[in-house]
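Containing mmCIF, C-alpha atoms: data-v6.cif.
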data_input
loop_
_atom_site.label_atom_id
_atom_site.label_comp_id
_atom_site.auth_asym_id
_atom_site.auth_seq_id
_atom_site.Cartn_x
_atom_site.Cartn_y
_atom_site.Cartn_z
CA MET E 1 -9.13 -33.13 24.18
CA THR E 2 -7.15 -29.98 24.97
CA ALA E 3 -5.09 -30.14 28.16
CA ARG E 4 -5.43 -27.32 30.64
CA LEU E 5 -2.50 -24.92 30.36
CA THR E 6 -0.63 -24.50 33.65
CA PRO E 7 2.75 -22.88 34.44
CA ASP E 8 4.19 -26.32 35.23
CA ALA E 9 3.26 -27.57 31.76
CA VAL E 10 5.10 -24.83 29.88
CA PRO E 11 8.66 -26.25 30.16
CA GLU E 12 7.52 -29.64 28.91
CA MET E 13 5.66 -28.08 25.99
CA LEU E 14 8.70 -26.02 25.03
CA GLU E 15 10.97 -29.06 25.14
CA SER E 16 8.86 -30.87 22.53
CA PRO E 17 7.47 -28.31 20.09
CA ALA E 18 5.24 -30.10 17.59
CA ASP E 19 6.31 -30.32 13.96
CA LEU E 20 9.45 -28.21 14.47
CA ASN E 21 12.15 -30.88 14.65
CA PHE E 22 13.62 -30.63 11.14
CA GLN E 23 16.54 -32.32 9.52
CA LEU E 24 17.45 -29.79 6.87
CA PRO E 25 19.44 -30.90 3.83
CA ASP E 26 23.14 -30.09 3.84
CA PRO E 27 23.69 -27.23 1.34
CA GLU E 28 27.17 -28.62 0.59
CA ASP E 29 25.97 -32.17 -0.16
CA ASP E 30 26.40 -32.67 -3.91
CA GLN E 31 24.56 -36.01 -3.69
CA ILE E 32 21.26 -34.20 -3.21
CA SER E 33 19.69 -32.97 -6.42
CA GLU E 34 18.60 -29.37 -6.72
CA GLY E 35 14.95 -30.44 -7.00
CA GLU E 36 15.08 -32.59 -3.85
CA PHE E 37 16.92 -29.86 -1.94
CA ARG E 38 14.32 -27.24 -2.79
CA GLN E 39 11.41 -29.60 -2.03
CA ARG E 40 12.74 -30.39 1.47
CA ILE E 41 13.43 -26.72 2.17
CA GLU E 42 9.94 -25.75 0.93
CA THR E 43 8.33 -28.39 3.17
CA ALA E 44 10.18 -27.08 6.24
CA TRP E 45 9.24 -23.52 5.35
CA GLN E 46 5.54 -24.40 5.01
CA VAL E 47 5.52 -26.04 8.43
CA CYS E 48 7.09 -22.92 9.99
CA ASP E 49 4.58 -20.73 8.16
CA ARG E 50 1.62 -22.74 9.47
CA PHE E 51 3.05 -22.86 12.99
CA ASP E 52 3.57 -19.10 12.84
CA LEU E 53 -0.05 -18.61 11.79
CA GLN E 54 -1.37 -20.76 14.65
CA THR E 55 0.89 -18.93 17.11
CA ASP E 56 -0.25 -15.49 15.96
CA ILE E 57 -3.93 -16.48 16.12
CA TRP E 58 -3.48 -17.60 19.72
CA ARG E 59 -1.43 -14.51 20.54
CA GLY E 60 -4.31 -12.43 19.21
CA ARG E 61 -6.78 -14.33 21.38
CA ILE E 62 -4.57 -13.83 24.43
CA LEU E 63 -4.25 -10.12 23.75
CA ARG E 64 -7.99 -9.84 23.22
CA ALA E 65 -8.62 -11.51 26.58
CA VAL E 66 -6.25 -9.11 28.35
CA ARG E 67 -7.85 -6.13 26.62
CA ASP E 68 -11.42 -7.23 27.41
CA ARG E 69 -10.50 -7.92 31.04
CA GLU E 70 -9.09 -4.41 31.30
CA LYS E 71 -12.28 -2.96 29.79
CA ARG E 72 -14.31 -4.71 32.45
CA GLY E 73 -12.28 -3.83 35.54
CA GLY E 74 -9.75 -1.21 34.47
CA ASP E 75 -9.66 2.55 34.67
CA GLY E 76 -11.54 2.99 31.40
CA ARG E 77 -8.49 4.34 29.60
CA GLY E 78 -6.83 1.01 28.88
CA THR E 79 -3.79 1.81 31.02
CA GLY E 80 -3.50 -1.73 32.35
CA PHE E 81 -3.61 -3.20 28.83
CA LEU E 82 -0.97 -0.77 27.58
CA ASN E 83 1.27 -1.56 30.55
CA TRP E 84 0.89 -5.27 29.84
CA LEU E 85 1.91 -4.69 26.23
CA LYS E 86 4.93 -2.74 27.41
CA ASP E 87 5.97 -5.60 29.69
CA GLN E 88 5.69 -8.03 26.78
CA GLU E 89 7.55 -5.61 24.44
CA ILE E 90 4.60 -5.47 22.03
CA THR E 91 3.52 -2.25 20.34
CA LYS E 92 -0.11 -1.20 20.30
CA SER E 93 -0.32 -1.53 16.51
CA GLN E 94 1.15 -5.05 16.63
CA ALA E 95 -1.31 -6.02 19.35
CA TYR E 96 -4.38 -4.85 17.46
CA SER E 97 -3.10 -6.47 14.27
CA LEU E 98 -2.92 -9.81 16.10
CA ILE E 99 -6.34 -9.24 17.67
CA GLU E 100 -7.76 -8.56 14.20
CA LEU E 101 -6.23 -11.82 12.98
CA ALA E 102 -7.78 -13.72 15.90
CA ASP E 103 -11.17 -12.09 15.25
CA SER E 104 -10.97 -13.08 11.58
CA ALA E 105 -10.07 -16.67 12.44
CA ASP E 106 -12.91 -16.95 14.95
CA THR E 107 -15.37 -15.48 12.46
CA LEU E 108 -14.40 -17.98 9.75
CA LEU E 109 -14.67 -20.82 12.27
CA GLN E 110 -17.94 -19.70 13.84
CA GLU E 111 -19.61 -19.19 10.47
CA GLY E 112 -18.69 -22.74 9.51
CA LEU E 113 -16.48 -21.72 6.63
CA LEU E 114 -13.53 -23.54 8.19
CA GLU E 115 -12.88 -26.34 10.63
CA PRO E 116 -10.02 -25.85 13.13
CA GLU E 117 -7.81 -28.34 11.27
CA ASP E 118 -8.39 -26.51 7.97
CA VAL E 119 -6.35 -23.57 9.24
CA ASN E 120 -3.25 -25.73 8.79
CA GLN E 121 -3.80 -25.61 5.03
CA PHE E 122 -3.03 -21.88 4.93
CA SER E 123 0.18 -19.94 4.90
CA LYS E 124 0.06 -16.99 7.27
CA ARG E 125 -0.21 -14.35 4.54
CA ALA E 126 -2.80 -16.40 2.67
CA PHE E 127 -4.97 -16.63 5.78
CA VAL E 128 -4.74 -12.89 6.45
CA GLU E 129 -5.64 -12.14 2.82
CA THR E 130 -8.58 -14.57 2.99
CA ALA E 131 -9.86 -12.91 6.16
CA GLN E 132 -9.83 -9.54 4.36
CA ALA E 133 -11.50 -10.83 1.19
CA SER E 134 -15.17 -10.64 0.22
CA PRO E 135 -17.52 -13.30 1.66
CA GLU E 136 -17.77 -15.02 -1.74
CA VAL E 137 -13.98 -15.33 -2.02
CA GLN E 138 -13.78 -16.55 1.57
CA GLN E 139 -16.27 -19.30 0.74
CA LEU E 140 -14.38 -20.42 -2.38
CA VAL E 141 -11.01 -20.45 -0.61
CA SER E 142 -12.45 -22.26 2.41
CA ASP E 143 -13.90 -24.94 0.12
CA ALA E 144 -10.44 -25.50 -1.36
CA ALA E 145 -8.90 -25.73 2.12
CA ARG E 146 -11.49 -28.33 3.17
CA ARG E 147 -10.56 -30.39 0.10
CA GLY E 148 -7.02 -30.48 1.43
CA ASP E 149 -5.48 -27.96 -0.98
CA HIS E 150 -2.51 -26.00 0.33
CA ILE E 151 -3.52 -22.33 0.23
CA THR E 152 -0.90 -19.70 -0.49
CA ARG E 153 -1.40 -16.00 -1.11
CA ARG E 154 -1.11 -16.68 -4.84
CA GLU E 155 -4.13 -19.00 -4.74
CA VAL E 156 -6.16 -16.47 -2.74
CA ARG E 157 -5.37 -13.70 -5.22
CA GLN E 158 -6.20 -15.94 -8.16
CA VAL E 159 -9.60 -16.82 -6.68
CA SER E 160 -10.19 -13.15 -5.86
CA ASP E 161 -9.29 -12.09 -9.40
CA GLU E 162 -11.57 -14.72 -10.91
CA TRP E 163 -14.49 -13.67 -8.72
CA THR E 164 -13.92 -9.97 -9.42
CA ALA E 165 -13.84 -10.59 -13.17
CA MET E 166 -16.77 -12.97 -13.43
CA SER E 167 -19.11 -11.06 -11.08
CA SER E 168 -18.49 -7.54 -12.41
CA ASP E 169 -21.06 -5.79 -14.61
CA LEU E 170 -18.26 -3.70 -16.13
CA LEU E 171 -17.06 -6.54 -18.36
CA PRO E 172 -19.05 -7.61 -21.44
CA THR E 173 -20.38 -11.15 -21.73
CA GLU E 174 -18.00 -11.92 -24.60
CA VAL E 175 -14.96 -11.37 -22.37
CA LYS E 176 -16.41 -13.40 -19.50
CA GLU E 177 -17.07 -16.32 -21.87
CA LYS E 178 -13.46 -16.23 -23.07
CA ALA E 179 -12.27 -16.14 -19.48
CA ALA E 180 -14.48 -19.13 -18.63
CA ASN E 181 -12.94 -21.26 -21.41
CA ASN E 182 -9.41 -19.99 -20.58
CA THR E 183 -9.02 -18.15 -23.88
CA ILE E 184 -8.21 -15.02 -21.86
CA PRO E 185 -6.43 -15.40 -18.47
CA THR E 186 -8.49 -13.94 -15.62
CA ARG E 187 -5.42 -12.20 -14.22
CA TYR E 188 -5.83 -9.61 -16.98
CA LEU E 189 -9.47 -8.92 -16.15
CA ALA E 190 -9.31 -8.02 -12.45
CA PRO E 191 -6.92 -5.05 -12.95
CA LEU E 192 -9.24 -3.68 -15.64
CA VAL E 193 -12.27 -3.95 -13.36
CA ARG E 194 -10.46 -2.28 -10.47
CA GLU E 195 -9.39 0.65 -12.66
CA MET E 196 -12.82 1.03 -14.28
CA GLU E 197 -14.49 1.14 -10.86
CA LYS E 198 -12.67 4.44 -10.21
CA LEU E 199 -14.27 6.11 -13.25
CA PRO E 200 -17.62 7.86 -13.80
CA PRO E 201 -20.28 5.83 -15.70
CA ILE E 202 -19.75 7.76 -18.94
CA HIS E 203 -16.12 6.63 -19.16
CA GLN E 204 -16.97 3.13 -17.98
CA ASN E 205 -19.44 2.74 -20.83
CA THR E 206 -16.91 4.02 -23.39
CA LEU E 207 -14.26 1.52 -22.29
CA LYS E 208 -16.77 -1.31 -22.03
CA THR E 209 -17.88 -0.66 -25.62
CA GLU E 210 -14.27 -0.72 -26.78
CA VAL E 211 -13.73 -4.12 -25.14
CA THR E 212 -17.01 -5.45 -26.54
CA LEU E 213 -15.98 -4.57 -30.09
CA ASN E 214 -12.53 -6.17 -29.68
CA PRO E 215 -12.64 -8.82 -26.91
CA ASP E 216 -8.97 -9.83 -27.18
CA LEU E 217 -5.95 -9.70 -24.90
CA ASP E 218 -4.26 -6.75 -26.61
CA THR E 219 -7.39 -4.64 -26.28
CA LEU E 220 -7.72 -5.58 -22.61
CA LYS E 221 -4.19 -4.41 -21.91
CA GLN E 222 -4.73 -1.18 -23.83
CA VAL E 223 -8.07 -0.40 -22.17
CA THR E 224 -6.61 -1.15 -18.73
CA ALA E 225 -3.86 1.39 -19.38
CA GLU E 226 -6.42 3.92 -20.64
CA ALA E 227 -8.57 3.42 -17.54
CA ARG E 228 -5.54 3.91 -15.32
CA TYR E 229 -4.63 7.17 -17.05
CA LEU E 230 -8.24 8.35 -16.96
CA ALA E 231 -8.40 7.76 -13.22
CA LYS E 232 -5.07 9.51 -12.73
CA TYR E 233 -6.29 12.49 -14.78
CA LEU E 234 -9.58 12.82 -12.90
CA GLU E 235 -7.92 12.49 -9.50
CA ALA E 236 -5.20 15.02 -10.24
CA ALA E 237 -7.40 17.56 -12.05
CA VAL E 238 -9.52 18.33 -8.98
CA GLN E 239 -6.34 19.06 -7.00
CA VAL E 240 -4.93 21.66 -9.41
CA GLN E 241 -6.07 25.14 -8.42
CA ALA E 242 -5.01 26.53 -11.81
CA LEU E 243 -7.69 24.34 -13.42
CA ASN E 244 -10.43 25.59 -11.10
CA HIS E 245 -11.90 27.85 -13.76
CA GLU E 246 -15.51 28.08 -14.93
CA GLY E 247 -14.55 28.34 -18.59
CA LEU E 248 -12.61 25.07 -18.58
CA ASP E 249 -14.41 21.83 -19.48
CA LEU E 250 -12.22 19.05 -18.04
CA GLU E 251 -14.41 16.27 -19.40
CA ASN E 252 -14.25 17.51 -22.99
CA ALA E 253 -10.52 18.11 -22.70
CA LEU E 254 -10.21 14.52 -21.57
CA GLU E 255 -12.30 13.22 -24.44
CA GLU E 256 -10.18 15.18 -26.93
CA ALA E 257 -6.96 13.81 -25.45
CA LEU E 258 -8.37 10.30 -25.73
CA ARG E 259 -9.46 10.91 -29.34
CA VAL E 260 -6.10 12.20 -30.58
CA GLY E 261 -4.09 9.58 -28.67
CA CYS E 262 -2.31 11.75 -26.10
CA LEU E 263 -4.21 10.62 -22.99
CA ASN E 264 -1.05 9.32 -21.30
CA ALA E 265 0.84 12.60 -21.73
CA THR E 266 -2.22 14.65 -20.71
CA ALA E 267 -2.74 12.64 -17.53
CA ASP E 268 0.93 12.93 -16.61
CA MET E 269 0.85 16.67 -17.38
CA VAL E 270 -2.07 17.27 -15.01
CA ASN E 271 -0.46 15.06 -12.37
CA GLN E 272 2.80 17.02 -12.62
CA ALA E 273 0.83 20.27 -12.32
CA ALA E 274 -0.74 19.05 -9.08
CA GLN E 275 2.67 18.07 -7.73
CA LEU E 276 4.16 21.42 -8.74
CA GLU E 277 1.46 23.39 -6.91
CA GLN E 278 1.98 21.27 -3.80
CA THR E 279 5.75 21.72 -4.08
CA VAL E 280 5.44 25.50 -4.37
CA ALA E 281 3.24 25.63 -1.27
CA LYS E 282 5.68 23.47 0.66
CA LEU E 283 8.61 25.57 -0.60
CA TYR E 284 7.04 28.80 0.61
CA ASN E 285 6.16 27.39 4.03
CA THR E 286 9.67 25.97 4.45
CA TRP E 287 11.30 29.24 3.32
CA ASN E 288 9.11 31.22 5.71
CA ARG E 289 9.99 28.96 8.61
CA LEU E 290 13.72 29.05 7.78
CA THR E 291 13.67 32.86 7.53
CA LYS E 292 12.03 33.26 10.95
CA LEU E 293 14.48 30.86 12.56
CA SER E 294 17.40 32.69 10.98
CA GLU E 295 16.13 36.02 12.32
CA ARG E 296 15.72 34.55 15.81
CA VAL E 297 19.24 33.14 15.83
CA PHE E 298 20.63 36.45 14.56
CA VAL E 299 18.95 38.37 17.40
CA ASP E 300 20.12 35.88 20.05
CA SER E 301 23.72 35.84 18.81
CA GLY E 302 26.33 38.59 18.66
CA ALA E 303 30.00 39.45 18.21
CA SER E 304 30.98 36.63 20.57
CA THR E 305 29.62 34.02 18.10
CA PRO E 306 31.62 34.55 14.90
CA HIS E 307 31.17 30.96 13.71
CA LEU E 308 27.41 31.12 14.23
CA ARG E 309 27.30 34.39 12.33
CA GLU E 310 29.29 32.75 9.52
CA LEU E 311 26.70 29.93 9.41
CA LEU E 312 23.91 32.52 9.06
CA ALA E 313 25.82 34.25 6.28
CA ARG E 314 26.18 31.01 4.35
CA LEU E 315 22.42 30.47 4.61
CA ASP E 316 21.65 33.94 3.32
CA PRO E 317 21.03 32.72 -0.30
CA LEU E 318 18.19 30.61 1.11
CA THR E 319 16.68 33.13 3.53
CA SER E 320 16.55 36.23 1.34
CA THR E 321 13.61 37.02 -0.94
CA THR E 322 15.69 35.76 -3.86
CA LEU E 323 16.50 32.10 -3.25
CA THR E 324 19.65 30.91 -4.99
CA VAL E 325 20.32 27.18 -5.36
CA GLN E 326 23.07 25.50 -7.35
CA ILE E 327 21.98 22.26 -9.01
CA GLY E 328 24.71 19.75 -9.73
CA ASP E 329 28.42 19.69 -8.93
CA ALA E 330 30.14 23.03 -9.47
CA ASP E 331 32.82 21.34 -11.61
CA SER E 332 30.27 19.66 -13.85
CA PRO E 333 29.46 21.25 -17.23
CA LEU E 334 25.79 20.44 -16.55
CA ALA E 335 25.72 22.42 -13.29
CA HIS E 336 23.53 25.52 -13.23
CA THR E 337 22.06 27.94 -10.77
CA VAL E 338 18.35 28.45 -10.16
CA ARG E 339 17.02 31.66 -8.62
CA LEU E 340 13.50 31.94 -7.23
CA LYS E 341 12.23 35.38 -6.27
CA ILE E 342 9.45 35.65 -3.70
CA LEU E 343 7.62 38.96 -4.13
CA PRO E 344 5.75 40.84 -1.37
CA ALA E 345 2.18 39.76 -0.64
CA ILE E 346 -0.61 41.65 -2.38
CA ASP E 347 -4.09 41.04 -0.92
CA GLY E 348 -2.84 37.89 0.74
CA VAL E 349 -1.30 36.52 -2.46
CA ILE E 350 2.39 35.63 -2.67
CA ASP E 351 3.78 36.07 -6.18
CA GLY E 352 6.83 34.11 -7.32
CA VAL E 353 9.13 34.41 -10.30
CA ALA E 354 11.58 31.64 -11.21
CA ALA E 355 14.46 31.71 -13.66
CA GLY E 356 17.18 29.20 -14.51
CA ILE E 357 20.61 30.78 -15.01
CA PRO E 358 23.47 28.70 -16.50
#
Could you write out this structure as structure tokens?
Amino acid sequence: MTARLTPDAVPEMLESPADLNFQLPDPEDDQISEGEFRQRIETAWQVCDRFDLQTDIWRGRILRAVRDREKRGGDGRGTGFLNWLKDQEITKSQAYSLIELADSADTLLQEGLLEPEDVNQFSKRAFVETAQASPEVQQLVSDAARRGDHITRREVRQVSDEWTAMSSDLLPTEVKEKAANNTIPTRYLAPLVREMEKLPPIHQNTLKTEVTLNPDLDTLKQVTAEARYLAKYLEAAVQVQALNHEGLDLENALEEALRVGCLNATADMVNQAAQLEQTVAKLYNTWNRLTKLSERVFVDSGASTPHLRELLARLDPLTSTTLTVQIGDADSPLAHTVRLKILPAIDGVIDGVAAGIP
């Protein structure tokens, strides 16, 4: 039976915190073996982790109660709740993270997936990861917790990987059978499924066929890498304005890169092109802003500000239409100067010419 919490009961509860009276091993005691030392430390850590989880769940419930009370009788803008958070030195993001944790715990309990005592089987991070997992993974992990297994984030990820691999239609039956009899570790299957899910069906089918013909570990690793590069290529290609041309067939270019074995380099090339375009846009906007600020400071200053005028003069290589930047230490033989010329706009288009000068 849970005792009613009153202000008078708080000091007594704080004087005798449950499960937190440890006798840690002396790190300088040579009589304790390394194995025993680590086991005792691990046990203490697990207790703290579980206590931390229980505390955060209850903190989330408390915060939820304060928030809901404010919704019912507050000003409608949540001012009272925000003021309460400020008094407790809790940020809004921290508060809603704890409320989300409490909601997840209550959902798992109300749906019968867990009993209150089962929560003690979880580490904090494992519980959070379970709450964010699919319902099927939640069920499997909850079953393990009810059996008394200690649940860490590693166990949750392993169960999630196994479920992802065995339930996906993207993997051929031959691979699933090998995973079921432990011929192929399931940890190699989930990354492949996650990467293939990012691809269009035509590429999914190509990779699935490749795995079907050679259902071994080396092929899985290779196909996973190919799927990753394919996804990177497709994501970057749509961002490159230079590739937005009717005469260019991105899909066929991709197929040719895959056929001749230069998919990795092609994907990185397109990704670098996307980054370069974004960098050029950012460079122009920054240069434009710097130039306007320099002009404003020049107008506001005068002969009475010689040091300020000297500062403006030193910035002139960056504010003129020809940007000059030295790369590397001036004393280094590898140092060189790069000049970028920004040409006048023609029909709203800014032209740029870049040249590296030793």
Item to check | Computed interatomic separation between atom CA of Gln39 of chain E and atom CA of Pro25 of chain E (Å) | outcome: 10.0 Å
Using all atoms of segment 276-293 of chain E listed in the file and a margin of 6 Å per side, can you give the axis-aligned box centre and edge lengths in Å to one decimal, as lines of an AutoDock Vina configuration file?
center_x = 8.0
center_y = 27.3
center_z = 1.9
size_x = 25.0
size_y = 24.0
size_z = 33.3
Assuming the chain letters and numbering stay as they are in my file, what does the PyMOL selection byres ((chain E and resi 158) around 12) actually select? List them as a PDB file with C-alpha atoms, in the frame of the given file.
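And here is the file that came out, out-v4.pdb:
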ATOM      1  CA  ALA E 126      -2.800 -16.400   2.670  1.00  0.00           C
ATOM      2  CA  GLU E 129      -5.640 -12.140   2.820  1.00  0.00           C
ATOM      3  CA  THR E 130      -8.580 -14.570   2.990  1.00  0.00           C
ATOM      4  CA  ALA E 133     -11.500 -10.830   1.190  1.00  0.00           C
ATOM      5  CA  VAL E 137     -13.980 -15.330  -2.020  1.00  0.00           C
ATOM      6  CA  LEU E 140     -14.380 -20.420  -2.380  1.00  0.00           C
ATOM      7  CA  VAL E 141     -11.010 -20.450  -0.610  1.00  0.00           C
ATOM      8  CA  ILE E 151      -3.520 -22.330   0.230  1.00  0.00           C
ATOM      9  CA  THR E 152      -0.900 -19.700  -0.490  1.00  0.00           C
ATOM     10  CA  ARG E 153      -1.400 -16.000  -1.110  1.00  0.00           C
ATOM     11  CA  ARG E 154      -1.110 -16.680  -4.840  1.00  0.00           C
ATOM     12  CA  GLU E 155      -4.130 -19.000  -4.740  1.00  0.00           C
ATOM     13  CA  VAL E 156      -6.160 -16.470  -2.740  1.00  0.00           C
ATOM     14  CA  ARG E 157      -5.370 -13.700  -5.220  1.00  0.00           C
ATOM     15  CA  VAL E 159      -9.600 -16.820  -6.680  1.00  0.00           C
ATOM     16  CA  SER E 160     -10.190 -13.150  -5.860  1.00  0.00           C
ATOM     17  CA  ASP E 161      -9.290 -12.090  -9.400  1.00  0.00           C
ATOM     18  CA  GLU E 162     -11.570 -14.720 -10.910  1.00  0.00           C
ATOM     19  CA  TRP E 163     -14.490 -13.670  -8.720  1.00  0.00           C
ATOM     20  CA  THR E 164     -13.920  -9.970  -9.420  1.00  0.00           C
ATOM     21  CA  ALA E 165     -13.840 -10.590 -13.170  1.00  0.00           C
ATOM     22  CA  PRO E 185      -6.430 -15.400 -18.470  1.00  0.00           C
ATOM     23  CA  THR E 186      -8.490 -13.940 -15.620  1.00  0.00           C
ATOM     24  CA  ARG E 187      -5.420 -12.200 -14.220  1.00  0.00           C
ATOM     25  CA  TYR E 188      -5.830  -9.610 -16.980  1.00  0.00           C
ATOM     26  CA  LEU E 189      -9.470  -8.920 -16.150  1.00  0.00           C
ATOM     27  CA  ALA E 190      -9.310  -8.020 -12.450  1.00  0.00           C
ATOM     28  CA  PRO E 191      -6.920  -5.050 -12.950  1.00  0.00           C
TER      29      PRO E 191
END
Item to check | Selection under test: the PyMOL selection byres ((chain E and resi 52) around 12); residues as a VMD selection string | outcome: chain E and resid 19 to 20 45 to 51 53 to 59 98 119 to 120 122 to 125 127
Residues just named, written with C-alpha atoms as a compact mmCIF listing (two decimals), in the frame of the given file:
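Done, and the output landed in out-v5.txt:
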# COMPACT_ATOMS: atom_id res chain seq x y z
CA ASP E 19 6.31 -30.32 13.96
CA LEU E 20 9.45 -28.21 14.47
CA TRP E 45 9.24 -23.52 5.35
CA GLN E 46 5.54 -24.40 5.01
CA VAL E 47 5.52 -26.04 8.43
CA CYS E 48 7.09 -22.92 9.99
CA ASP E 49 4.58 -20.73 8.16
CA ARG E 50 1.62 -22.74 9.47
CA PHE E 51 3.05 -22.86 12.99
CA LEU E 53 -0.05 -18.61 11.79
CA GLN E 54 -1.37 -20.76 14.65
CA THR E 55 0.89 -18.93 17.11
CA ASP E 56 -0.25 -15.49 15.96
CA ILE E 57 -3.93 -16.48 16.12
CA TRP E 58 -3.48 -17.60 19.72
CA ARG E 59 -1.43 -14.51 20.54
CA LEU E 98 -2.92 -9.81 16.10
CA VAL E 119 -6.35 -23.57 9.24
CA ASN E 120 -3.25 -25.73 8.79
CA PHE E 122 -3.03 -21.88 4.93
CA SER E 123 0.18 -19.94 4.90
CA LYS E 124 0.06 -16.99 7.27
CA ARG E 125 -0.21 -14.35 4.54
CA PHE E 127 -4.97 -16.63 5.78
Checklist entry - Quick one: distance from atom CA of Ala227 of chain E to atom CA of Gln275 of chain E in Å, one decimal? => result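 Distance between the two atoms: 20.9 Å.
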Checklist entry - How far is it from atom CA of Leu276 of chain E to atom CA of Val240 of chain E, in Å with one decimal? => result 9.1 Å
